[in-house]
$ cat run32.cif   # mmCIF, C-alpha atoms
data_work
loop_
_atom_site.label_atom_id
_atom_site.label_comp_id
_atom_site.auth_asym_id
_atom_site.auth_seq_id
_atom_site.Cartn_x
_atom_site.Cartn_y
_atom_site.Cartn_z
CA MET A 12 50.16 88.24 185.75
CA PHE A 13 48.38 85.05 186.82
CA VAL A 14 49.29 81.73 185.19
CA LEU A 15 46.44 79.24 185.61
CA VAL A 16 47.06 75.68 184.45
CA ASN A 17 43.99 73.57 183.65
CA LEU A 18 44.80 69.86 183.79
CA LYS A 19 41.44 68.94 182.20
CA ALA A 20 41.09 65.13 182.18
CA TYR A 21 44.58 64.51 180.83
CA ASP A 22 46.41 61.35 181.86
CA VAL A 23 48.94 63.13 184.05
CA ASP A 24 50.21 63.06 187.63
CA PRO A 25 48.44 66.10 189.11
CA VAL A 26 50.60 66.12 192.23
CA GLU A 27 53.80 66.14 190.21
CA ILE A 28 52.63 69.12 188.15
CA ALA A 29 51.24 70.89 191.21
CA THR A 30 54.55 70.44 193.05
CA ALA A 31 56.46 71.85 190.08
CA ALA A 32 54.04 74.79 189.88
CA ARG A 33 54.42 75.47 193.62
CA ASP A 34 58.21 75.40 193.40
CA VAL A 35 58.37 77.66 190.35
CA ALA A 36 55.92 80.09 191.97
CA GLU A 37 57.98 80.23 195.16
CA GLU A 38 61.27 80.66 193.32
CA SER A 39 60.03 83.27 190.84
CA GLY A 40 57.46 85.13 192.91
CA ALA A 41 54.93 84.59 190.12
CA ARG A 42 51.33 83.66 190.81
CA ILE A 43 50.60 80.16 189.47
CA GLY A 44 47.45 78.11 189.97
CA VAL A 45 46.53 74.55 189.04
CA ALA A 46 43.03 73.28 188.23
CA PRO A 47 42.87 69.46 188.50
CA GLN A 48 39.99 67.03 188.31
CA ALA A 49 37.61 67.42 191.26
CA ALA A 50 38.71 64.12 192.77
CA HIS A 51 42.32 65.35 192.83
CA LEU A 52 41.63 68.70 194.50
CA PRO A 53 42.70 67.65 198.03
CA ALA A 54 45.97 66.08 196.85
CA VAL A 55 46.83 69.10 194.74
CA ALA A 56 45.91 71.54 197.51
CA ASP A 57 48.11 69.59 199.92
CA THR A 58 51.17 70.55 197.83
CA GLY A 59 50.59 74.17 198.77
CA VAL A 60 50.02 75.37 195.21
CA GLU A 61 47.12 77.74 194.55
CA THR A 62 44.34 75.32 193.66
CA TRP A 63 41.34 75.91 191.42
CA ALA A 64 38.34 73.80 190.46
CA GLN A 65 37.55 73.24 186.81
CA HIS A 66 33.82 73.80 187.39
CA VAL A 67 31.16 74.32 190.02
CA SER A 68 27.49 73.57 189.47
CA ALA A 69 24.67 76.06 189.86
CA VAL A 70 23.26 74.25 192.89
CA GLU A 71 22.99 74.52 196.65
CA HIS A 72 23.05 71.73 199.22
CA GLY A 73 20.30 69.24 198.40
CA SER A 74 19.21 66.60 195.90
CA HIS A 75 21.70 67.23 193.11
CA THR A 76 23.38 63.90 192.34
CA GLY A 77 26.34 64.26 189.99
CA SER A 78 26.74 67.98 190.60
CA THR A 79 29.91 69.72 191.75
CA LEU A 80 28.95 71.58 194.91
CA ALA A 81 30.89 74.81 195.43
CA GLU A 82 31.16 74.23 199.17
CA ALA A 83 32.65 70.77 198.57
CA VAL A 84 35.20 72.27 196.21
CA ALA A 85 36.19 74.86 198.80
CA ASP A 86 36.38 72.21 201.54
CA ALA A 87 38.71 70.20 199.28
CA GLY A 88 41.16 73.10 199.21
CA ALA A 89 40.23 75.13 196.14
CA SER A 90 40.36 78.91 196.32
CA GLY A 91 38.88 79.57 192.88
CA THR A 92 36.96 78.01 190.02
CA LEU A 93 36.62 78.15 186.28
CA ILE A 94 33.07 78.56 184.98
CA ASN A 95 31.77 78.06 181.44
CA HIS A 96 34.91 76.59 179.91
CA SER A 97 34.52 75.92 176.19
CA GLU A 98 34.40 72.21 177.03
CA LYS A 99 31.78 72.74 179.76
CA ARG A 100 29.41 75.33 178.33
CA LEU A 101 26.59 76.85 180.37
CA LYS A 102 23.63 79.06 179.61
CA LEU A 103 23.93 82.64 180.86
CA ALA A 104 21.46 82.05 183.69
CA ASP A 105 23.47 79.01 184.82
CA ILE A 106 26.70 81.00 184.68
CA ASP A 107 25.09 83.57 186.95
CA ALA A 108 23.88 80.88 189.35
CA ALA A 109 27.26 79.12 189.35
CA MET A 110 28.91 82.43 190.20
CA ASP A 111 26.46 82.86 193.07
CA ALA A 112 27.40 79.39 194.30
CA ALA A 113 31.10 80.19 194.06
CA GLU A 114 30.64 83.48 195.92
CA ARG A 115 28.66 81.65 198.61
CA ALA A 116 31.62 79.31 199.09
CA GLY A 117 34.22 82.08 198.99
CA LEU A 118 35.72 81.03 195.66
CA GLU A 119 37.38 83.38 193.19
CA THR A 120 35.79 83.13 189.74
CA CYS A 121 37.09 83.10 186.18
CA VAL A 122 34.37 82.82 183.54
CA CYS A 123 35.45 81.69 180.08
CA ALA A 124 34.12 83.31 176.90
CA ASN A 125 34.63 82.66 173.18
CA ASN A 126 34.85 86.24 171.94
CA PRO A 127 34.72 89.90 173.03
CA ASP A 128 30.92 90.07 172.81
CA GLN A 129 30.62 87.18 175.25
CA VAL A 130 33.30 88.77 177.44
CA GLY A 131 31.14 91.88 177.76
CA ALA A 132 28.06 89.81 178.58
CA VAL A 133 29.69 87.78 181.34
CA ALA A 134 31.61 90.78 182.71
CA ALA A 135 28.22 92.28 183.50
CA LEU A 136 27.66 89.41 185.94
CA GLY A 137 30.64 90.57 188.03
CA PRO A 138 33.17 87.71 188.01
CA ASP A 139 36.70 88.29 189.27
CA ALA A 140 38.05 87.54 185.81
CA VAL A 141 37.03 86.57 182.29
CA ALA A 142 39.20 84.38 180.06
CA VAL A 143 38.83 84.89 176.31
CA GLU A 144 39.37 81.58 174.51
CA PRO A 145 38.53 81.18 170.82
CA PRO A 146 37.52 77.47 170.62
CA GLU A 147 39.43 76.87 167.39
CA LEU A 148 42.73 77.66 169.12
CA ILE A 149 42.18 75.59 172.28
CA GLY A 150 44.67 72.74 172.51
CA GLY A 151 46.77 74.11 169.67
CA ASP A 152 50.30 75.43 169.41
CA VAL A 153 49.42 78.99 168.40
CA SER A 154 48.48 81.47 171.11
CA VAL A 155 45.46 83.70 170.60
CA ALA A 156 47.75 86.62 171.48
CA SER A 157 49.79 85.81 168.38
CA ALA A 158 47.11 84.44 166.05
CA ASP A 159 44.57 87.21 166.61
CA PRO A 160 45.76 89.90 169.02
CA ASP A 161 42.71 92.03 168.20
CA ILE A 162 40.52 89.51 170.05
CA VAL A 163 42.50 90.02 173.25
CA GLU A 164 42.54 93.81 172.93
CA ASP A 165 38.81 93.86 172.09
CA ALA A 166 38.08 91.55 175.03
CA VAL A 167 39.92 93.87 177.40
CA ALA A 168 38.01 96.83 175.99
CA ALA A 169 34.68 94.98 176.28
CA ALA A 170 35.30 94.07 179.90
CA ASN A 171 36.50 97.56 180.81
CA ALA A 172 33.44 99.12 179.20
CA VAL A 173 31.23 97.10 181.54
CA ASP A 174 33.30 96.80 184.72
CA ASP A 175 36.97 97.73 184.84
CA ALA A 176 37.40 95.68 188.01
CA VAL A 177 37.01 92.46 185.97
CA ALA A 178 40.42 91.13 184.94
CA VAL A 179 40.85 89.61 181.47
CA TYR A 180 42.87 86.45 181.00
CA CYS A 181 44.18 85.22 177.66
CA GLY A 182 43.52 81.55 176.91
CA ALA A 183 43.93 79.12 174.01
CA GLY A 184 47.32 78.07 172.68
CA VAL A 185 49.44 79.72 175.39
CA SER A 186 52.61 77.70 175.92
CA THR A 187 55.68 79.96 176.17
CA GLY A 188 57.01 82.96 178.00
CA GLU A 189 56.70 84.92 174.76
CA ASP A 190 52.96 84.14 174.74
CA VAL A 191 52.65 85.41 178.31
CA ASP A 192 54.59 88.55 177.45
CA ALA A 193 52.42 89.19 174.38
CA ALA A 194 49.23 88.69 176.40
CA GLY A 195 50.41 91.23 178.95
CA ASP A 196 51.26 93.75 176.24
CA LEU A 197 47.67 93.41 174.96
CA GLY A 198 46.23 94.22 178.37
CA ALA A 199 45.61 90.75 179.79
CA GLU A 200 46.25 90.23 183.50
CA GLY A 201 46.62 86.46 183.30
CA VAL A 202 46.81 83.45 181.03
CA LEU A 203 44.82 80.21 181.08
CA LEU A 204 46.51 77.19 179.55
CA ALA A 205 46.36 73.42 179.63
CA SER A 206 48.17 71.17 177.17
CA GLY A 207 51.26 73.38 177.03
CA VAL A 208 52.07 72.27 180.59
CA ALA A 209 50.03 69.11 181.08
CA LYS A 210 51.37 67.39 177.96
CA ALA A 211 54.93 68.64 178.28
CA ASP A 212 57.80 66.20 178.81
CA ASP A 213 59.14 68.56 181.46
CA PRO A 214 56.28 70.61 182.98
CA ARG A 215 58.62 72.43 185.35
CA ALA A 216 60.79 73.70 182.48
CA VAL A 217 57.69 74.96 180.66
CA LEU A 218 56.47 76.71 183.80
CA GLU A 219 59.87 78.34 184.30
CA ASP A 220 59.75 79.60 180.72
CA LEU A 221 56.18 80.87 181.13
CA VAL A 222 57.06 83.05 184.10
CA SER A 223 60.45 84.17 182.80
CA PRO A 224 59.12 87.51 181.46
CA LEU A 225 57.34 88.34 184.71
#
$ encode --input "run32.cif" --output "structure tokens"
Amino acid sequence: MFVLVNLKAYDVDPVEIATAARDVAEESGARIGVAPQAAHLPAVADTGVETWAQHVSAVEHGSHTGSTLAEAVADAGASGTLINHSEKRLKLADIDAAMDAAERAGLETCVCANNPDQVGAVAALGPDAVAVEPPELIGGDVSVASADPDIVEDAVAAANAVDDAVAVYCGAGVSTGEDVDAAGDLGAEGVLLASGVAKADDPRAVLEDLVSPL
């Protein structure tokens, strides 16, 4: 089970959270990744935690001012990237091109989707993983695995029907070890969360609780 923490653009100390994630991962044996702002990628990677980008653009080297070049992300220390997060939506063709860019740079990919139908569509593009995240639950206190477990089960079924090599992650509202356990019971191979860790008074304690069932 992979625990991927998206720091979004929250007013947090990314190095502090990354250090806590690294320590909890080492002590528990769990796989934990952190996705900071692009400017913070080198500092987070320097902690030794598994580091992910929040986005890569569907571009190659060239005249693309303001874009997030996949090669630059990899050079900064990232080993993977989110694509098509609910807060950074892309058209299907751009998702495909962003995945090509990530593959070119050797980055693992997790494409976000709102529902099982979208999961099936993006699974056909061949990402490493798809995260199902109903937008209405993002940033809330109720996990999708608890609020609507059918979505997770249907997402797993949709991905498996297209390509059973594509892992399904459970996102939106995940904040406790019980949420992680429930996601696993529904067939998810990872969880994607943000505020549950980033906004916590004690991120390390939350991370320890998240991996406690693993």
$ resolve_selection --input "run32.cif" --expression "the PyMOL selection byres ((chain A and resi 73-83) around 10)" --output "PyMOL selection string"
chain A and resi 49+64-72+84-89+91-92+109-118
$ residues_around --input "run32.cif" --residues "stretch 121-136 of chain A" --least-positions-apart "3" --cutoff "7 Å" --atoms "all atoms listed in the file" --output "JSON, numbers by chain"
{"A": [92, 93, 94, 95, 96, 107, 139, 140, 141, 142, 143, 144, 145, 146, 162, 165, 166, 169, 170, 173, 174, 177]}
$ write_last_selection --input "run32.cif" --atoms "C-alpha atoms" --output "PDB file, in the frame of the given file"
ATOM      1  CA  THR A  92      36.960  78.010 190.020  1.00  0.00           C
ATOM      2  CA  LEU A  93      36.620  78.150 186.280  1.00  0.00           C
ATOM      3  CA  ILE A  94      33.070  78.560 184.980  1.00  0.00           C
ATOM      4  CA  ASN A  95      31.770  78.060 181.440  1.00  0.00           C
ATOM      5  CA  HIS A  96      34.910  76.590 179.910  1.00  0.00           C
ATOM      6  CA  ASP A 107      25.090  83.570 186.950  1.00  0.00           C
ATOM      7  CA  ASP A 139      36.700  88.290 189.270  1.00  0.00           C
ATOM      8  CA  ALA A 140      38.050  87.540 185.810  1.00  0.00           C
ATOM      9  CA  VAL A 141      37.030  86.570 182.290  1.00  0.00           C
ATOM     10  CA  ALA A 142      39.200  84.380 180.060  1.00  0.00           C
ATOM     11  CA  VAL A 143      38.830  84.890 176.310  1.00  0.00           C
ATOM     12  CA  GLU A 144      39.370  81.580 174.510  1.00  0.00           C
ATOM     13  CA  PRO A 145      38.530  81.180 170.820  1.00  0.00           C
ATOM     14  CA  PRO A 146      37.520  77.470 170.620  1.00  0.00           C
ATOM     15  CA  ILE A 162      40.520  89.510 170.050  1.00  0.00           C
ATOM     16  CA  ASP A 165      38.810  93.860 172.090  1.00  0.00           C
ATOM     17  CA  ALA A 166      38.080  91.550 175.030  1.00  0.00           C
ATOM     18  CA  ALA A 169      34.680  94.980 176.280  1.00  0.00           C
ATOM     19  CA  ALA A 170      35.300  94.070 179.900  1.00  0.00           C
ATOM     20  CA  VAL A 173      31.230  97.100 181.540  1.00  0.00           C
ATOM     21  CA  ASP A 174      33.300  96.800 184.720  1.00  0.00           C
ATOM     22  CA  VAL A 177      37.010  92.460 185.970  1.00  0.00           C
TER      23      VAL A 177
END
$ closest_residue --input "run32.cif" --among "A:Gly207, A:Gly188, A:Pro224, A:Gly201" --to "A:Gly44" --atoms "only C-alpha atoms"
A:Gly201
$ residues_around --input "run32.cif" --residues "stretch 19-28 of chain A" --least-positions-apart "6" --cutoff "8 Å" --atoms "all atoms listed in the file" --output "PyMOL selection string"
chain A and resi 46-48+51+54-55+58+65+205+209-210+214-215
$ resolve_selection --input "run32.cif" --expression "the PyMOL selection byres ((chain A and resi 218) around 8)" --output "count of residues only"
12
$ resolve_selection --input "run32.cif" --expression "the PyMOL selection byres ((chain A and resi 12) around 9)" --output "MDAnalysis selection string"
chainID A and resid 13:14 41:43 180 191 195 199:202 222 225
$ atom_distance --input "run32.cif" --atom1 "atom CA of A:Asn17" --atom2 "atom CA of A:Trp63"
8.5 Å
$ atom_distance --input "run32.cif" --atom1 "atom CA of A:Ala194" --atom2 "atom CA of A:Gly182"
9.2 Å
$ atom_distance --input "run32.cif" --atom1 "atom CA of A:Leu18" --atom2 "atom CA of A:Ala36"
17.2 Å
$ closest_residue --input "run32.cif" --among "A:Gly40, A:Leu52, A:Ser186, A:Asp196" --to "A:Val163" --atoms "all atoms listed in the file"
A:Asp196
$ decode --input "run32.cif" --residues "stretch 15-163 of chain A" --atoms "C-alpha atoms" --output "mmCIF file, in the first residue's frame"
data_model
loop_
_atom_site.group_PDB
_atom_site.id
_atom_site.type_symbol
_atom_site.label_atom_id
_atom_site.label_comp_id
_atom_site.auth_asym_id
_atom_site.auth_seq_id
_atom_site.Cartn_x
_atom_site.Cartn_y
_atom_site.Cartn_z
ATOM 1 C CA LEU A 15 1.219 9.573 -1.280
ATOM 2 C CA VAL A 16 0.953 12.958 0.433
ATOM 3 C CA ASN A 17 0.161 15.947 -1.794
ATOM 4 C CA LEU A 18 1.210 19.203 -0.142
ATOM 5 C CA LYS A 19 -0.640 21.280 -2.774
ATOM 6 C CA ALA A 20 0.103 24.985 -2.156
ATOM 7 C CA TYR A 21 -0.531 24.810 1.581
ATOM 8 C CA ASP A 22 1.421 27.114 3.879
ATOM 9 C CA VAL A 23 3.545 24.355 5.382
ATOM 10 C CA ASP A 24 7.204 23.475 5.861
ATOM 11 C CA PRO A 25 7.711 20.855 3.134
ATOM 12 C CA VAL A 26 11.051 19.713 4.527
ATOM 13 C CA GLU A 27 9.588 19.125 7.973
ATOM 14 C CA ILE A 28 6.786 16.982 6.553
ATOM 15 C CA ALA A 29 9.148 15.194 4.176
ATOM 16 C CA THR A 30 11.522 14.384 7.037
ATOM 17 C CA ALA A 31 8.652 13.000 9.110
ATOM 18 C CA ALA A 32 7.462 10.933 6.139
ATOM 19 C CA ARG A 33 10.979 9.577 5.564
ATOM 20 C CA ASP A 34 11.373 8.610 9.206
ATOM 21 C CA VAL A 35 7.968 6.926 9.430
ATOM 22 C CA ALA A 36 8.632 5.055 6.182
ATOM 23 C CA GLU A 37 11.995 3.814 7.438
ATOM 24 C CA GLU A 38 10.634 2.782 10.825
ATOM 25 C CA SER A 39 7.494 1.072 9.520
ATOM 26 C CA GLY A 40 8.701 -0.302 6.207
ATOM 27 C CA ALA A 41 5.736 1.382 4.512
ATOM 28 C CA ARG A 42 6.045 3.166 1.193
ATOM 29 C CA ILE A 43 5.383 6.895 1.643
ATOM 30 C CA GLY A 44 5.821 9.637 -0.942
ATOM 31 C CA VAL A 45 5.537 13.419 -0.744
ATOM 32 C CA ALA A 46 4.488 15.739 -3.578
ATOM 33 C CA PRO A 47 5.548 19.346 -2.844
ATOM 34 C CA GLN A 48 5.432 22.489 -4.933
ATOM 35 C CA ALA A 49 7.829 22.307 -7.892
ATOM 36 C CA ALA A 50 10.161 24.872 -6.343
ATOM 37 C CA HIS A 51 10.518 22.681 -3.247
ATOM 38 C CA LEU A 52 11.306 19.431 -5.065
ATOM 39 C CA PRO A 53 15.097 19.546 -4.520
ATOM 40 C CA ALA A 54 14.799 20.301 -0.799
ATOM 41 C CA VAL A 55 12.249 17.544 -0.288
ATOM 42 C CA ALA A 56 14.259 15.050 -2.334
ATOM 43 C CA ASP A 57 17.341 15.872 -0.265
ATOM 44 C CA THR A 58 15.595 14.449 2.827
ATOM 45 C CA GLY A 59 15.638 11.031 1.189
ATOM 46 C CA VAL A 60 11.855 10.642 1.089
ATOM 47 C CA GLU A 61 10.263 9.335 -2.105
ATOM 48 C CA THR A 62 9.501 12.552 -3.960
ATOM 49 C CA TRP A 63 6.747 13.204 -6.480
ATOM 50 C CA ALA A 64 5.807 16.198 -8.604
ATOM 51 C CA GLN A 65 2.282 17.554 -8.462
ATOM 52 C CA HIS A 66 2.152 17.978 -12.249
ATOM 53 C CA VAL A 67 4.159 17.808 -15.445
ATOM 54 C CA SER A 68 3.227 19.640 -18.617
ATOM 55 C CA ALA A 69 2.635 18.015 -21.984
ATOM 56 C CA VAL A 70 5.724 19.630 -23.500
ATOM 57 C CA GLU A 71 9.257 18.826 -24.599
ATOM 58 C CA HIS A 72 12.343 21.030 -24.384
ATOM 59 C CA GLY A 73 11.657 24.289 -26.204
ATOM 60 C CA SER A 74 9.642 27.507 -26.069
ATOM 61 C CA HIS A 75 7.203 26.671 -23.290
ATOM 62 C CA THR A 76 7.425 29.472 -20.719
ATOM 63 C CA GLY A 77 5.539 28.684 -17.518
ATOM 64 C CA SER A 78 5.400 24.949 -18.189
ATOM 65 C CA THR A 79 6.622 22.225 -15.844
ATOM 66 C CA LEU A 80 9.121 20.215 -17.871
ATOM 67 C CA ALA A 81 9.232 16.536 -16.935
ATOM 68 C CA GLU A 82 13.013 16.385 -17.308
ATOM 69 C CA ALA A 83 13.403 19.335 -14.921
ATOM 70 C CA VAL A 84 11.194 17.591 -12.382
ATOM 71 C CA ALA A 85 13.297 14.436 -12.624
ATOM 72 C CA ASP A 86 16.534 16.433 -12.356
ATOM 73 C CA ALA A 87 15.141 18.048 -9.186
ATOM 74 C CA GLY A 88 14.834 14.630 -7.564
ATOM 75 C CA ALA A 89 11.294 13.478 -8.318
ATOM 76 C CA SER A 90 10.680 9.843 -9.157
ATOM 77 C CA GLY A 91 6.995 10.199 -10.018
ATOM 78 C CA THR A 92 4.275 12.688 -10.856
ATOM 79 C CA LEU A 93 0.581 13.260 -10.448
ATOM 80 C CA ILE A 94 -1.313 14.093 -13.639
ATOM 81 C CA ASN A 95 -4.820 15.509 -14.019
ATOM 82 C CA HIS A 96 -5.498 16.263 -10.365
ATOM 83 C CA SER A 97 -9.000 17.617 -9.805
ATOM 84 C CA GLU A 98 -7.417 21.026 -9.177
ATOM 85 C CA LYS A 99 -5.303 20.816 -12.352
ATOM 86 C CA ARG A 100 -7.598 19.263 -14.937
ATOM 87 C CA LEU A 101 -6.392 18.292 -18.407
ATOM 88 C CA LYS A 102 -8.055 17.155 -21.594
ATOM 89 C CA LEU A 103 -7.567 13.490 -22.454
ATOM 90 C CA ALA A 104 -5.091 14.275 -25.224
ATOM 91 C CA ASP A 105 -3.042 16.396 -22.813
ATOM 92 C CA ILE A 106 -3.105 13.624 -20.208
ATOM 93 C CA ASP A 107 -1.712 11.274 -22.836
ATOM 94 C CA ALA A 108 0.990 13.770 -23.819
ATOM 95 C CA ALA A 109 1.887 14.480 -20.181
ATOM 96 C CA MET A 110 2.252 10.749 -19.609
ATOM 97 C CA ASP A 111 4.551 10.552 -22.623
ATOM 98 C CA ALA A 112 6.625 13.369 -21.136
ATOM 99 C CA ALA A 113 6.795 11.605 -17.775
ATOM 100 C CA GLU A 114 7.820 8.328 -19.410
ATOM 101 C CA ARG A 115 10.496 10.168 -21.391
ATOM 102 C CA ALA A 116 11.912 11.472 -18.107
ATOM 103 C CA GLY A 117 11.629 8.132 -16.311
ATOM 104 C CA LEU A 118 8.876 9.249 -13.940
ATOM 105 C CA GLU A 119 6.246 6.970 -12.434
ATOM 106 C CA THR A 120 2.723 8.223 -13.165
ATOM 107 C CA CYS A 121 -0.498 8.468 -11.200
ATOM 108 C CA VAL A 122 -3.412 9.929 -13.161
ATOM 109 C CA CYS A 123 -6.341 11.265 -11.148
ATOM 110 C CA ALA A 124 -9.957 10.628 -12.151
ATOM 111 C CA ASN A 125 -13.324 11.710 -10.744
ATOM 112 C CA ASN A 126 -15.258 8.473 -11.162
ATOM 113 C CA PRO A 127 -15.008 4.869 -12.403
ATOM 114 C CA ASP A 128 -15.846 5.816 -16.001
ATOM 115 C CA GLN A 129 -12.919 8.229 -16.082
ATOM 116 C CA VAL A 130 -10.727 5.611 -14.390
ATOM 117 C CA GLY A 131 -11.418 3.231 -17.266
ATOM 118 C CA ALA A 132 -10.666 5.917 -19.841
ATOM 119 C CA VAL A 133 -7.315 6.921 -18.363
ATOM 120 C CA ALA A 134 -6.336 3.326 -17.567
ATOM 121 C CA ALA A 135 -6.424 2.727 -21.310
ATOM 122 C CA LEU A 136 -3.539 5.195 -21.631
ATOM 123 C CA GLY A 137 -1.306 2.924 -19.527
ATOM 124 C CA PRO A 138 -0.324 4.913 -16.423
ATOM 125 C CA ASP A 139 1.303 3.163 -13.489
ATOM 126 C CA ALA A 140 -1.664 4.064 -11.309
ATOM 127 C CA VAL A 141 -5.008 5.842 -11.309
ATOM 128 C CA ALA A 142 -6.359 7.671 -8.256
ATOM 129 C CA VAL A 143 -10.134 7.904 -7.961
ATOM 130 C CA GLU A 144 -11.082 11.175 -6.257
ATOM 131 C CA PRO A 145 -14.689 12.399 -6.198
ATOM 132 C CA PRO A 146 -14.247 16.222 -6.194
ATOM 133 C CA GLU A 147 -16.932 16.790 -3.571
ATOM 134 C CA LEU A 148 -14.923 14.823 -1.001
ATOM 135 C CA ILE A 149 -11.518 16.414 -1.659
ATOM 136 C CA GLY A 150 -10.300 18.371 1.354
ATOM 137 C CA GLY A 151 -13.015 16.953 3.584
ATOM 138 C CA ASP A 152 -12.997 14.748 6.657
ATOM 139 C CA VAL A 153 -14.874 11.799 5.158
ATOM 140 C CA SER A 154 -12.932 9.272 3.093
ATOM 141 C CA VAL A 155 -14.366 8.097 -0.207
ATOM 142 C CA ALA A 156 -13.783 4.556 1.063
ATOM 143 C CA SER A 157 -16.292 5.256 3.829
ATOM 144 C CA ALA A 158 -18.657 7.682 2.107
ATOM 145 C CA ASP A 159 -19.103 5.691 -1.089
ATOM 146 C CA PRO A 160 -17.169 2.412 -1.124
ATOM 147 C CA ASP A 161 -18.886 1.399 -4.376
ATOM 148 C CA ILE A 162 -16.905 4.098 -6.202
ATOM 149 C CA VAL A 163 -13.619 2.524 -5.113
#
